[in-house]
Amino acid sequence: MGRGGIGGAVAMETADSTRAFVKDVKRIIIKVGTAVVTGQNGRLAMGRLGSLCEQVKQLNFQGYEVILVTSGAVGVGRQRLQYRKLIHSSFADLQNPQMDFDGKACAAVGQSGLMAIYDMLFSQLDVTSSQLLVTDRDFKDPSFGDQLRETVFALLDLKVIPLFNENDAISTRRQPYEDPSGIFWDNDSLAALLAAELNADLLIMLSDVEGLYSGPPSDPQSKIIHTYVNEKHGKLISFGEKSRVGRGGMQAKVVAAANAASKGVPVVIASGFATDSIIKILKGEKLGTLFHNEANSWECSKGATAREMAVAARDCSRCLQKLSSEERKKILLDIADALEANEDAIRSENDADVEAAQDAGYEKSLVARMTLKPGKITNLARSIRAIADMEDPISHTLKRTEVAKDLVFEKAYCPLGVLLIIFESRPDALVQIASLAIRSGNGLLLKGGKEAMRSNAILHKVITGAIPDSVGKKLIGLVTTKDEIADLLALDDVIDLVIPRGSKNLVSQIKATTKIPVLGHADGICHVYIDKSADMDMAKRIVLDAKVDYPAACNAMETLLVHKDLNKSEGLDDLLVELEKEGVVIYGGPVAHDKLKVPKVDSFRHEYSSMACTLEFVDNVHSAIDHINRYGSAHTDCIITTDEKAAEAFLQQVESAAVFHNASTRFCDGTRFGLGAEVGISTGRIHARGPVGVDGLLTTRCILRGSGQVVNGDKGVVYTHRDLPLP
């Protein structure tokens, strides 16, 4: 029986597919390592313990059955004994301190203190806890298991948290901290044993690292293993030093986790230092390392890993770059023909996506963006043919310079390499991006929104079907699950550019979670400013088009700025009436709210629904420029005026990627600009800005053609640095 409060439907939408089982988890064992319980100085880490107890309280309140296995008694006892010996030492003793203590004595001293802290913390949270000390000798008694279960289940029924610890003080093993013999030999193996004995649904082992790595976590080459498969990882992992304070370290945890998983209890090894890690695990998030008895079958059944997809796209792109311009052009023409030939199948899959989105209650603006309207496939095919007819961008020489006699420097375009495009709801974006990637010689990985899954799949199949085997179908990879995104964003050694196309949250999240350069825009707050000299008939046409031609587009107008002298003018009144007739809801800035009595806007940076518009009056063109530079998103902004001086000031001083005079913001589009198509619109200041076409997917390389020249301290080189004509 799952607990809806944490692992319910909303949370599970974002869950990793391998963690879907957590929705059915009820009984959890949480093992807390010594490094989590104590700080570097050996004292109790009260902040981490407090966070742990708060998470346990939340789980307990929501109906989970929680059992704790806690280490730390020996460490706490050692710290207390060291302090006691220190304050009773003579000056001579301090010159040669002896701080080695018997482990059993440390355990006996520390146990009461550790439990007292837990009791105090849980009492503050109105939770009752209980202490159960066990040794491996206890489990040798055949009746002990039944007695243990009876006691623990009674405590759980009473909402009491059982706290287990190995009773090191009376352990019968000769070397309890080194001897891995017996039924269990540390708290890691105790937790695994209890997980099986108490029929737990999940064991969470909290450590001082994020999970199991392929090597020592301090090694930059080590990678975290999100799902452990013994056949794959067992012989590849190298362990570093064990825990600074605990007994077994990561190797002991892996052995214990594998043992529990083999008995049917899934295990997650995760960081006890991270905030709310237990809660996030139970939401199905991809934290730590999962051990599961079905993991091997997952590994066998799943497709290529993120790295394999990226490497394959890179290898195929190198084959693509070897083709002639005419051969690459033919691929695009074949894709255009294939789209038209498969239009009925594409439309059928898109209709299914649209119907499902409507049934699911998605916003109308999202449904509009994902719909392939009649004629859309024809338009897409036409744009692909336009891209095919463009001048070949690869190896296009930008500059030639004679450095010295018979030594020529050239700067030429070349592909970036592998692109990762993440887009939310527009399947037509897949076609545009794929065609631009092929023309520019790049490999491509695509992740579309789940709402357009069928449309994306059929489009990808049609497009890759037209790519010849000499290049490889894996030139364009389609990522189908959300949990693969995190893996892809970590591949800064293979993927060269990420372009997110979607909401502000999507773009911001991607920028915050990858080292790969990101090209895109987070907001689409576009302005139209009507100057006092504007032709109001022209202004009406432009504003209506900018707002209602396609309200859901990122280049649609969000804010209308109006010169203060036009307040109450007939032309402005007519314009506002026409906007309202089109269903546009008008909000006002402070001045417009006061003068026109329209609802007041909360923030000029806030994007309302696609059919909302913010209106504000400004003193002059310079006030409009200041407003746009302060509140805009550097996307697209327009001035409507007959005053050339005002227009020029606007065009030169507004700091946006696209700035227009007497033209609708809706023109900010790669196809309309003659770029053939676009992969997105960039509002950044590095690399590409505005609608990004083929040239935005290219970088440059420096080529030097010589005839045996050497530098040799520049003694024998006569530099000419003369510009040469382009070929």
# chains A, B, ... in the order shown; residues from 1 in each chain; ligands from 1

$ residues_around --residues "Leu158 (chain A)" --least-positions-apart "4" --cutoff "12 Å" --atoms "only C-alpha atoms" --output "JSON list (two decimals) with C-alpha atoms, in the first residue's frame"
[["chain", "number", "residue", "atom", "x", "y", "z"],
["A", 60, "ASN", "CA", 5.37, 8.43, 10.32],
["A", 61, "PHE", "CA", 2.57, 11.00, 10.04],
["A", 63, "GLY", "CA", 1.38, 6.28, 7.35],
["A", 65, "GLU", "CA", 6.26, 2.28, 9.02],
["A", 66, "VAL", "CA", 9.80, 3.47, 9.76],
["A", 127, "VAL", "CA", 7.14, 11.17, 18.08],
["A", 128, "THR", "CA", 7.90, 8.25, 20.39],
["A", 129, "SER", "CA", 11.04, 6.16, 19.82],
["A", 130, "SER", "CA", 12.29, 2.91, 21.34],
["A", 151, "THR", "CA", 7.90, -6.71, 19.32],
["A", 152, "VAL", "CA", 8.70, -4.54, 16.28],
["A", 153, "PHE", "CA", 5.27, -4.97, 14.69],
["A", 154, "ALA", "CA", 3.63, -4.02, 18.00],
["A", 162, "PRO", "CA", 12.19, 1.31, 16.68]]

$ select_by_dssp --residues "region 465-510 of chain A" --states "strand (DSSP E or B)" --output "JSON, numbers by chain"
{"A": [476, 477, 478, 479, 497, 498, 499, 500, 501]}

$ residues_around --residues "region 529-534 of chain A" --least-positions-apart "5" --cutoff "6 Å" --atoms "only C-alpha atoms" --output "JSON, numbers by chain"
{"A": [561, 562, 563, 639, 640, 641, 642]}

$ residues_around --residues "Ile281 (chain A)" --least-positions-apart "5" --cutoff "9 Å" --atoms "only C-alpha atoms" --output "tab-separated table (two decimals) with C-alpha atoms, in the first residue's frame"
chain	number	residue	atom	x	y	z
A	19	ARG	CA	12.20	3.90	-8.97
A	22	VAL	CA	8.45	3.20	-4.34
A	204	ILE	CA	17.75	3.23	2.68
A	268	VAL	CA	19.16	2.78	-2.00
A	270	ALA	CA	22.36	7.83	-0.69
A	276	ASP	CA	15.30	15.75	2.37
A	286	LYS	CA	16.97	9.42	-9.07
A	287	LEU	CA	19.07	9.81	-5.94
A	288	GLY	CA	21.93	7.60	-4.87

$ atom_distance --atom1 "CA of Thr464 (chain A)" --atom2 "CA of Asn379 (chain A)"
19.4 Å

$ atom_distance --atom1 "CA of Ile67 (chain A)" --atom2 "CA of Gln131 (chain A)"
10.7 Å

$ select_by_dssp --residues "region 420-649 of chain A" --states "helix (DSSP H, G or I)" --output "ChimeraX atom specification"
/A:427-440,450-465,473-475,483-489,504-512,536-548,564-566,570-581,590-596,621-631,644-649
